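Take a look at the structure set out below.
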Amino acid sequence: PTGRPSRSLNNYLADCFLDLIHQSFLHPATTCTNCSCDNCSNNNHPNNNSEPAPSEPNSTAHESWFRNRIPAKVSVSIPFLTLLKDSQEPGMLEGYGPIPPEQARELAAGATSWHRILTDPEKGTLLSIGRQSYKPPADMVRLVRLKDPVCTGIGCDTPARTCEIDHTIPFHQNHYSPDGTLLPKGETSVENLRPRSKYCHRLKDDPSTGWTVEPEGLGITKTTTPTGRVYLHTQNEEDLPAPF
């Protein structure tokens with residue numbers, strides 16, 4: 001489905017098997033110290049005495065493996081209407097491709113965490129993940145760099161491919177209005193992200209420099225220098241290709 005050469009189920013099973021072996025060396029299970037199972041062969045076990053060990057549910061030697069297991073993360077994108085069973089548009093399994101809507105709904109029902117994702121209604125490109133994550137996904141980064149091929153710092157022509165991806169409205173730092181009102185922190189979105197070289201990024205984020213960068217409208221950022229000069233930068237809004 002992705003256009004890449006297909007891999008068999010056994011290939012994926014082999015990958016998982018090797019990952020589990022690798023992780024077992026990195027995170028060895030701890031020795032059981034309070035169990036009554038027959039599989040514990042530790043002669044120095046504290047319960048290895050004349051009295052029978054107390055029977056406690058979920059207190060077995062096998063429990064240590066579960067406590068130290070490595071969780072797997074599977075990313076599935078499912079349209080909102082599909083989730084509500086009002087559409088049969090397929091879900092997208094990261095690294096694989098489209099999956100049936102029934103399977104996507106089943107995976108969503110057992111998910112332990114959710115991320116709100118805003119996509120373009122026509123192209124389906126990723127536009128925002130709100131404040132769910134500081135680090136933008138790869139396809140969002142590609143779109144930001146397509147919209148601004150070079151650093152958006154004033155007078156800087158560093159290619160966007162080597163720039164850092166910066167939140168115009170800071171994601172972590174507090175910022176205030178001219179009257180001292182605390183403003184909402186920035187989101188991870190195409191509108192709030194711009195490529196900036198490391199120098200321009202630090203110049204913007206350090207309040208002692210006197211440089212300020214703030215949004216001025218859709219696709220527009222305003223840079224004010226320490227001397228009061230104002231520069232407006234408009235993001236490229238041409239019909240860009242979908243970032244995949």
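Chain labels run A, B, ... following the order of the structure tokens; each chain numbers its residues from 1, and ligands are numbered from 1 in the order shown.
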
Listing only residues of stretch 152-175 of chain A within 7 Å of stretch 188-211 of chain A, what is the closest atom pair and its distance in Å (to one decimal) for each, using only C-alpha atoms, sorted by chain and residue number ascending, as a Markdown table?
| residue | atom | partner | partner_atom | distance |
| --- | --- | --- | --- | --- |
| A:Thr152 | CA | A:Arg196 | CA | 5.8 |
| A:Gly153 | CA | A:Cys200 | CA | 5.6 |
| A:Thr158 | CA | A:Ser197 | CA | 6.5 |
| A:Ala160 | CA | A:Pro195 | CA | 5.6 |
| A:Cys163 | CA | A:Ser197 | CA | 4.5 |
| A:Glu164 | CA | A:Arg196 | CA | 5.4 |
| A:Ile165 | CA | A:Pro195 | CA | 4.7 |
| A:Asp166 | CA | A:Arg194 | CA | 5.4 |
| A:His167 | CA | A:Leu193 | CA | 4.7 |
| A:Thr168 | CA | A:Asn192 | CA | 5.4 |
| A:Ile169 | CA | A:Asn192 | CA | 6.5 |

Output N, CA and C atoms for every residue in the selection just made, as a tab-separated table (two decimals), in the first residue's frame.
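Output contents, as saved in result35.tsv:
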chain	number	residue	atom	x	y	z
A	152	THR	N	13.72	31.95	8.33
A	152	THR	CA	12.82	33.11	8.35
A	152	THR	C	13.37	34.25	9.20
A	153	GLY	N	14.61	34.12	9.71
A	153	GLY	CA	15.24	35.22	10.40
A	153	GLY	C	15.59	36.34	9.42
A	158	THR	N	20.10	30.81	5.52
A	158	THR	CA	20.42	29.41	5.81
A	158	THR	C	19.34	28.51	5.25
A	160	ALA	N	16.51	25.85	4.70
A	160	ALA	CA	15.56	25.32	5.68
A	160	ALA	C	15.91	23.89	6.08
A	163	CYS	N	17.94	24.03	9.10
A	163	CYS	CA	17.43	24.88	10.18
A	163	CYS	C	16.72	24.07	11.24
A	164	GLU	N	16.60	24.65	12.42
A	164	GLU	CA	15.76	24.09	13.46
A	164	GLU	C	14.31	24.50	13.19
A	165	ILE	N	13.36	23.69	13.63
A	165	ILE	CA	11.95	24.02	13.48
A	165	ILE	C	11.49	24.69	14.79
A	166	ASP	N	11.15	25.98	14.68
A	166	ASP	CA	10.89	26.80	15.86
A	166	ASP	C	9.41	27.14	15.97
A	167	HIS	N	8.90	27.14	17.20
A	167	HIS	CA	7.54	27.61	17.49
A	167	HIS	C	7.57	29.14	17.59
A	168	THR	N	6.86	29.83	16.71
A	168	THR	CA	6.81	31.29	16.76
A	168	THR	C	6.28	31.75	18.11
A	169	ILE	N	5.11	31.25	18.51
A	169	ILE	CA	4.63	31.44	19.87
A	169	ILE	C	5.22	30.29	20.68

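Within stretch 150-206 of chain A, DSSP run on the backbone puts these residues in strand (DSSP E): Glu164, Ile165, Asp166, His167, Leu193, Arg194, Pro195 and Arg196 of chain A.
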
Give me every helix (DSSP H, G or I) residue in stretch 137-173 of chain A, going by DSSP on the backbone, as a PyMOL selection string. chain A and resi 138-147+160-162

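Put simply, atom CA of A:Ile154 is 18.0 Å away from atom CA of A:Gly217.
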
List the neighbours of A:His172 out to 8 Å using only C-alpha atoms; skip same-chain residues closer than 2 positions along the sequence, and give me the result as a list in words. Pro170, Asn174, Lys185 and Gly186 of chain A

Preceding selection exported with all heavy atoms as a CSV table (one decimal), in the first residue's frame:
chain,number,residue,atom,x,y,z
A,170,PRO,N,6.1,30.6,21.7
A,170,PRO,CA,6.8,29.5,22.4
A,170,PRO,C,5.9,28.4,22.9
A,170,PRO,O,4.8,28.7,23.4
A,170,PRO,CB,7.5,30.3,23.5
A,170,PRO,CG,7.6,31.7,23.0
A,170,PRO,CD,6.4,31.9,22.2
A,174,ASN,N,6.6,31.2,28.9
A,174,ASN,CA,5.4,32.1,29.0
A,174,ASN,C,5.7,33.4,28.2
A,174,ASN,O,6.8,33.8,28.1
A,174,ASN,CB,5.3,32.5,30.5
A,174,ASN,CG,4.7,31.3,31.3
A,174,ASN,OD1,4.0,30.5,30.8
A,174,ASN,ND2,5.1,31.3,32.6
A,185,LYS,N,0.1,29.5,25.5
A,185,LYS,CA,1.3,29.0,24.9
A,185,LYS,C,1.0,28.4,23.5
A,185,LYS,O,-0.1,28.2,23.2
A,185,LYS,CB,1.9,27.9,25.8
A,185,LYS,CG,2.4,28.4,27.2
A,185,LYS,CD,3.1,27.3,28.0
A,185,LYS,CE,3.6,27.9,29.3
A,185,LYS,NZ,4.2,26.8,30.2
A,186,GLY,N,2.1,28.4,22.7
A,186,GLY,CA,2.0,28.0,21.3
A,186,GLY,C,1.6,26.5,21.1
A,186,GLY,O,1.9,25.7,21.9

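Proximity to A:Thr221 was assessed for A:Thr234, A:Phe25, A:Lys85, A:Tyr12 counting only C-alpha atoms; the smallest distance is recorded for A:Thr234.
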
Tell me, as a count of residues only, which residues lie within 9 Å of A:Pro79, counting only C-alpha atoms; anything in the same chain fewer than 4 positions away does not count. 6

Do a neighbour search on A:Pro159 at 7 Å with only C-alpha atoms, toss out local chain neighbours closer than 4 positions, and write the hits as a VMD selection string. chain A and resid 149 to 151 163

For those residues, write N, CA and C atoms to a file as a PDB file, in the first residue's frame.
ATOM      1  N   PRO A 149      11.647  27.914   2.229  1.00  0.00           N
ATOM      2  CA  PRO A 149      12.852  27.180   1.831  1.00  0.00           C
ATOM      3  C   PRO A 149      14.114  27.614   2.568  1.00  0.00           C
ATOM      4  N   VAL A 150      14.107  28.829   3.163  1.00  0.00           N
ATOM      5  CA  VAL A 150      15.279  29.311   3.901  1.00  0.00           C
ATOM      6  C   VAL A 150      14.838  29.797   5.270  1.00  0.00           C
ATOM      7  N   CYS A 151      15.806  30.068   6.132  1.00  0.00           N
ATOM      8  CA  CYS A 151      15.533  30.581   7.478  1.00  0.00           C
ATOM      9  C   CYS A 151      14.668  31.838   7.409  1.00  0.00           C
ATOM     10  N   CYS A 163      17.938  24.032   9.097  1.00  0.00           N
ATOM     11  CA  CYS A 163      17.434  24.884  10.179  1.00  0.00           C
ATOM     12  C   CYS A 163      16.721  24.067  11.241  1.00  0.00           C
TER      13      CYS A 163
END
